[in-house]
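Engineer: Below is the file data.pdb, which contains PDB, C-alpha atoms and all ligand atoms.
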ATOM      1  CA  MET A   1      39.209  49.757  25.574
ATOM      2  CA  PRO A   2      36.048  51.298  24.154
ATOM      3  CA  SER A   3      32.879  49.614  25.308
ATOM      4  CA  PRO A   4      30.713  48.083  22.534
ATOM      5  CA  LYS A   5      28.106  50.846  22.652
ATOM      6  CA  SER A   6      30.572  53.703  22.380
ATOM      7  CA  GLN A   7      30.791  55.385  18.998
ATOM      8  CA  LYS A   8      33.659  56.944  17.162
ATOM      9  CA  ILE A   9      33.775  60.697  17.659
ATOM     10  CA  ASP A  10      33.493  62.657  14.434
ATOM     11  CA  LEU A  11      34.881  66.174  14.485
ATOM     12  CA  ASN A  12      32.307  67.222  11.881
ATOM     13  CA  THR A  13      29.345  66.186  13.996
ATOM     14  CA  ASP A  14      27.432  68.415  16.354
ATOM     15  CA  TYR A  15      27.610  67.163  19.935
ATOM     16  CA  PRO A  16      26.134  68.465  23.166
ATOM     17  CA  CYS A  17      28.633  69.388  25.875
ATOM     18  CA  PRO A  18      29.110  66.874  28.693
ATOM     19  CA  CYS A  19      29.094  69.777  31.165
ATOM     20  CA  GLY A  20      25.311  69.508  31.251
ATOM     21  CA  ARG A  21      24.731  73.226  30.744
ATOM     22  CA  LYS A  22      23.113  72.715  27.335
ATOM     23  CA  GLY A  23      26.304  73.845  25.664
ATOM     24  CA  ARG A  24      27.290  72.669  22.206
ATOM     25  CA  LEU A  25      30.681  71.305  21.282
ATOM     26  CA  VAL A  26      32.193  73.321  18.484
ATOM     27  CA  PRO A  27      35.172  71.820  16.610
ATOM     28  CA  ILE A  28      38.315  73.883  16.971
ATOM     29  CA  VAL A  29      39.804  74.444  13.528
ATOM     30  CA  LEU A  30      42.968  72.444  12.708
ATOM     31  CA  THR A  31      42.921  70.577  16.008
ATOM     32  CA  GLU A  32      41.523  67.323  17.277
ATOM     33  CA  ALA A  33      39.547  69.200  19.868
ATOM     34  CA  PHE A  34      36.157  70.695  20.654
ATOM     35  CA  GLY A  35      35.332  73.843  22.547
ATOM     36  CA  CYS A  36      32.074  74.343  24.436
ATOM     37  CA  ASN A  37      30.084  77.476  23.617
ATOM     38  CA  ARG A  38      28.710  77.624  27.168
ATOM     39  CA  CYS A  39      31.329  76.554  29.713
ATOM     40  CA  GLN A  40      34.348  77.472  27.543
ATOM     41  CA  GLN A  41      35.976  74.120  28.309
ATOM     42  CA  ILE A  42      38.159  72.420  25.749
ATOM     43  CA  PHE A  43      37.760  68.713  25.043
ATOM     44  CA  VAL A  44      40.453  66.808  23.208
ATOM     45  CA  VAL A  45      39.621  63.737  21.153
ATOM     46  CA  GLU A  46      41.918  60.904  22.175
ATOM     47  CA  LYS A  47      43.920  58.928  19.640
ATOM     48  CA  SER A  48      41.443  56.064  19.766
ATOM     49  CA  GLU A  49      38.748  58.534  18.572
ATOM     50  CA  TYR A  50      36.300  57.043  21.042
ATOM     51  CA  VAL A  51      37.058  59.215  24.036
ATOM     52  CA  ILE A  52      37.091  62.936  24.661
ATOM     53  CA  GLU A  53      39.093  64.293  27.514
ATOM     54  CA  GLN A  54      38.579  67.592  29.269
ATOM     55  CA  LEU A  55      41.555  69.918  29.260
ATOM     56  CA  SER A  56      41.631  71.351  32.732
ATOM     57  CA  SER A  57      44.274  72.566  35.080
ATOM     58  CA  THR A  58      41.949  72.884  38.045
ATOM     59  CA  TYR A  59      40.681  69.326  38.244
ATOM     60  CA  PRO A  60      43.213  66.899  39.770
ATOM     61  CA  TYR A  61      42.066  63.904  37.718
ATOM     62  CA  LYS A  62      41.481  63.502  34.055
ATOM     63  CA  LYS A  63      37.799  63.716  33.088
ATOM     64  CA  ALA A  64      36.863  61.693  30.027
ATOM     65  CA  TRP A  65      33.701  60.698  28.224
ATOM     66  CA  VAL A  66      32.621  58.272  25.515
ATOM     67  CA  TRP A  67      29.788  59.005  23.089
ATOM     68  CA  THR A  68      26.990  56.436  23.160
ATOM     69  CA  GLY A  69      25.130  57.873  20.176
ATOM     70  CA  THR A  70      22.688  59.914  22.221
ATOM     71  CA  ARG A  71      24.655  61.182  25.193
ATOM     72  CA  TRP A  72      28.071  61.319  26.824
ATOM     73  CA  HIS A  73      28.962  58.604  29.257
ATOM     74  CA  ARG A  74      31.725  59.102  31.808
ATOM     75  CA  ALA A  75      34.660  56.951  30.729
ATOM     76  CA  GLN A  76      36.303  54.683  33.230
ATOM     77  CA  THR A  77      39.247  56.521  34.633
ATOM     78  CA  GLY A  78      40.731  53.312  36.002
ATOM     79  CA  LEU A  79      42.797  52.596  39.080
ATOM     80  CA  LYS A  80      45.883  54.277  37.683
ATOM     81  CA  GLU A  81      44.220  57.660  38.074
ATOM     82  CA  HIS A  82      43.684  57.140  41.762
ATOM     83  CA  TYR A  83      46.937  55.328  42.346
ATOM     84  CA  LEU A  84      48.886  58.362  43.498
ATOM     85  CA  PRO A  85      46.578  59.461  46.347
ATOM     86  CA  ILE A  86      46.251  55.840  47.496
ATOM     87  CA  ALA A  87      50.014  55.361  47.409
ATOM     88  CA  PHE A  88      50.407  58.618  49.299
ATOM     89  CA  LEU A  89      47.960  57.439  51.958
ATOM     90  CA  PHE A  90      49.738  54.121  52.432
ATOM     91  CA  LEU A  91      53.295  55.403  52.290
ATOM     92  CA  ILE A  92      53.078  58.704  54.135
ATOM     93  CA  VAL A  93      49.891  58.985  56.175
ATOM     94  CA  LEU A  94      49.573  55.492  57.638
ATOM     95  CA  PRO A  95      53.253  55.122  58.660
ATOM     96  CA  GLY A  96      52.986  58.635  60.115
ATOM     97  CA  ILE A  97      50.012  57.663  62.261
ATOM     98  CA  TRP A  98      51.792  54.458  63.271
ATOM     99  CA  LEU A  99      54.933  56.359  64.304
ATOM    100  CA  VAL A 100      52.945  58.892  66.335
ATOM    101  CA  CYS A 101      50.982  56.123  68.098
ATOM    102  CA  VAL A 102      54.002  54.011  68.964
ATOM    103  CA  LEU A 103      56.061  56.979  70.125
ATOM    104  CA  ASN A 104      53.168  58.161  72.287
ATOM    105  CA  PHE A 105      52.805  54.864  74.109
ATOM    106  CA  PHE A 106      56.406  53.638  73.978
ATOM    107  CA  PRO A 107      58.636  56.718  73.734
ATOM    108  CA  ASP A 108      61.766  54.582  74.276
ATOM    109  CA  LYS A 109      60.940  52.117  71.468
ATOM    110  CA  LEU A 110      61.852  54.226  68.462
ATOM    111  CA  PHE A 111      63.559  51.225  66.831
ATOM    112  CA  LEU A 112      60.377  49.150  67.177
ATOM    113  CA  ALA A 113      58.384  51.901  65.507
ATOM    114  CA  ILE A 114      60.749  52.479  62.620
ATOM    115  CA  VAL A 115      61.381  48.872  61.494
ATOM    116  CA  PRO A 116      57.843  48.205  60.098
ATOM    117  CA  VAL A 117      57.840  51.601  58.396
ATOM    118  CA  VAL A 118      61.181  50.951  56.713
ATOM    119  CA  LEU A 119      59.990  47.481  55.658
ATOM    120  CA  LEU A 120      56.782  48.956  54.220
ATOM    121  CA  GLU A 121      58.650  51.637  52.302
ATOM    122  CA  LEU A 122      61.093  49.016  50.949
ATOM    123  CA  LEU A 123      58.196  46.831  49.859
ATOM    124  CA  ALA A 124      56.569  49.791  48.155
ATOM    125  CA  LEU A 125      59.828  50.668  46.425
ATOM    126  CA  ILE A 126      60.169  47.097  45.126
ATOM    127  CA  GLN A 127      56.544  47.161  43.891
ATOM    128  CA  TRP A 128      57.096  50.517  42.241
ATOM    129  CA  LEU A 129      60.262  49.319  40.509
ATOM    130  CA  ALA A 130      58.469  46.153  39.361
ATOM    131  CA  TYR A 131      55.397  47.897  37.922
ATOM    132  CA  ARG A 132      57.087  51.000  36.574
ATOM    133  CA  ARG A 133      56.714  51.322  32.825
TER     134      ARG A 133
HETATM  135 ZN    ZN B 201      30.059  72.963  28.303
END
Is it possible to express this structure as structure tokens?
Structural biologist:
Amino acid sequence: MPSPKSQKIDLNTDYPCPCGRKGRLVPIVLTEAFGCNRCQQIFVVEKSEYVIEQLSSTYPYKKAWVWTGTRWHRAQTGLKEHYLPIAFLFLIVLPGIWLVCVLNFFPDKLFLAIVPVVLLELLALIQWLAYRR
């Protein structure tokens, strides 16, 4: 959802580049995108026409901005963007630490260590199936 102060992005308007290097955004002919004349980054205008998104293969998360009329404002990336690393932490790292701890202190209680992990993974699977779109 665009915030009230964000403005529609016009491909015929001259915008500064959000990279902060005093670059200008130059419209790329026949596309819904801008290119920066300084940092050489490409910014695609989203379908809503309120958000530009940086095309980048090096940055793990999407970078997006909204135009407030005078400057670019970092758009909310939302929880979904960070969902994968968080899920990874909870499903792989934490059970891993748990397993190592339990097996260190109670090497004969493998069953005890595995049951909570299996339950957690099952719970996560159910959540994932429920929220999958
Ligand atoms: Zn730039």
Engineer: Using all atoms listed in the file, what table do you get, as CSV, when you list each residue of chain A with an atom no more than 9 Å from ligand ZN 201 (chain B), its nearest pair of atoms, and their distance in Å rounded to one decimal, rows by chain then rising number?
Structural biologist:
residue,atom,partner,partner_atom,distance
A:Pro16,CA,B:ZN201,ZN,7.9
A:Cys17,CA,B:ZN201,ZN,4.6
A:Pro18,CA,B:ZN201,ZN,6.2
A:Cys19,CA,B:ZN201,ZN,4.4
A:Gly20,CA,B:ZN201,ZN,6.6
A:Arg21,CA,B:ZN201,ZN,5.9
A:Lys22,CA,B:ZN201,ZN,7.0
A:Gly23,CA,B:ZN201,ZN,4.7
A:Arg24,CA,B:ZN201,ZN,6.7
A:Leu25,CA,B:ZN201,ZN,7.2
A:Gly35,CA,B:ZN201,ZN,7.9
A:Cys36,CA,B:ZN201,ZN,4.6
A:Asn37,CA,B:ZN201,ZN,6.5
A:Arg38,CA,B:ZN201,ZN,5.0
A:Cys39,CA,B:ZN201,ZN,4.1
A:Gln40,CA,B:ZN201,ZN,6.3
A:Gln41,CA,B:ZN201,ZN,6.0
A:Ile42,CA,B:ZN201,ZN,8.5
Engineer: For C-alpha atoms, I'd like the residues from the last selection saved as a JSON list (two decimals), in the frame of the given file.
Structural biologist:
[["chain", "number", "residue", "atom", "x", "y", "z"],
["A", 16, "PRO", "CA", 26.13, 68.46, 23.17],
["A", 17, "CYS", "CA", 28.63, 69.39, 25.88],
["A", 18, "PRO", "CA", 29.11, 66.87, 28.69],
["A", 19, "CYS", "CA", 29.09, 69.78, 31.16],
["A", 20, "GLY", "CA", 25.31, 69.51, 31.25],
["A", 21, "ARG", "CA", 24.73, 73.23, 30.74],
["A", 22, "LYS", "CA", 23.11, 72.72, 27.34],
["A", 23, "GLY", "CA", 26.30, 73.84, 25.66],
["A", 24, "ARG", "CA", 27.29, 72.67, 22.21],
["A", 25, "LEU", "CA", 30.68, 71.31, 21.28],
["A", 35, "GLY", "CA", 35.33, 73.84, 22.55],
["A", 36, "CYS", "CA", 32.07, 74.34, 24.44],
["A", 37, "ASN", "CA", 30.08, 77.48, 23.62],
["A", 38, "ARG", "CA", 28.71, 77.62, 27.17],
["A", 39, "CYS", "CA", 31.33, 76.55, 29.71],
["A", 40, "GLN", "CA", 34.35, 77.47, 27.54],
["A", 41, "GLN", "CA", 35.98, 74.12, 28.31],
["A", 42, "ILE", "CA", 38.16, 72.42, 25.75]]
Engineer: Can you pull out the residues contacting A:Val117? Cut-off 10 Å, using all atoms listed in the file, and skip same-chain residues under 3 positions away; I want them as a list of chain:residue names.
Structural biologist: A:Leu91, A:Ile92, A:Leu94, A:Pro95, A:Gly96, A:Trp98, A:Leu99, A:Leu112, A:Ala113, A:Ile114, A:Leu120, A:Glu121, A:Leu122, A:Leu123
Engineer: Using the chain letters and numbering of this document, enumerate as a list in words the residues selected by the PyMOL selection byres (((chain A and resi 70) around 10) and not hetatm).
Structural biologist: Gln7, Tyr15, Pro16, Trp67, Thr68, Gly69, Arg71, Trp72 and His73 of chain A
Engineer: Could you jot down the atom CA of A:Val29 to atom CA of A:Tyr50 separation for me, Å, one decimal place?
Structural biologist: 19.3 Å
Engineer: Within 12 Å of (39.0, 73.0, 16.6) in the file's own coordinates, which protein, DNA or RNA residues have an atom, counting all atoms listed in the file? List them as a list of chain:residue names.
Structural biologist: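 These residues have at least one counted atom within 12 Å: A:Asp10, A:Leu11, A:Asn12, A:Leu25, A:Val26, A:Pro27, A:Ile28, A:Val29, A:Leu30, A:Thr31, A:Glu32, A:Ala33, A:Phe34, A:Gly35, A:Cys36, A:Ile42, A:Phe43, A:Val44, A:Val45.
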Engineer: What is the atom CA of A:Phe106 to atom CA of A:Phe90 distance in Å?
Structural biologist: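 Between atom CA of A:Phe106 and atom CA of A:Phe90 the gap is 22.6 Å.
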Engineer: Quick one: pull the distance between atom CA of A:Leu125 and atom CA of A:Val100, Å, one decimal.
Structural biologist: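 Interatomic distance, atom CA of A:Leu125 to atom CA of A:Val100: 22.6 Å.
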Engineer: Could you check the closest approach to A:Ile86 for each of A:Ala124, A:Ile52, A:Val66, A:Lys8 and tell me which residue wins, using only C-alpha atoms?
Structural biologist: A:Ala124
Engineer: Here is a test: counting only C-alpha atoms, which residue of A:Val115, A:Ile126, A:Ile9, A:Leu110 is nearest to A:Glu49?
Structural biologist: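 Once distances to A:Glu49 are computed over only C-alpha atoms, the minimum belongs to A:Ile9.
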Engineer: Using all atoms listed in the file, determine which residues lie at most 9 Å from A:Ala64, disregarding the query and same-chain residues fewer than 3 positions distant; provide the list as a list in words.
Structural biologist: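 Neighbouring residues, sequence-local ones excluded: Phe43, Val51, Ile52, Glu53, Gln54, His73, Arg74, Ala75, Gln76 and Thr77 of chain A.
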Engineer: Suppose we keep C-alpha atoms; can you now write the selection as a PDB file, in the coordinates of the input?
Structural biologist:
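File produced: selection.pdb:
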ATOM      1  CA  PHE A  43      37.760  68.713  25.043  1.00  0.00           C
ATOM      2  CA  VAL A  51      37.058  59.215  24.036  1.00  0.00           C
ATOM      3  CA  ILE A  52      37.091  62.936  24.661  1.00  0.00           C
ATOM      4  CA  GLU A  53      39.093  64.293  27.514  1.00  0.00           C
ATOM      5  CA  GLN A  54      38.579  67.592  29.269  1.00  0.00           C
ATOM      6  CA  HIS A  73      28.962  58.604  29.257  1.00  0.00           C
ATOM      7  CA  ARG A  74      31.725  59.102  31.808  1.00  0.00           C
ATOM      8  CA  ALA A  75      34.660  56.951  30.729  1.00  0.00           C
ATOM      9  CA  GLN A  76      36.303  54.683  33.230  1.00  0.00           C
ATOM     10  CA  THR A  77      39.247  56.521  34.633  1.00  0.00           C
TER      11      THR A  77
END
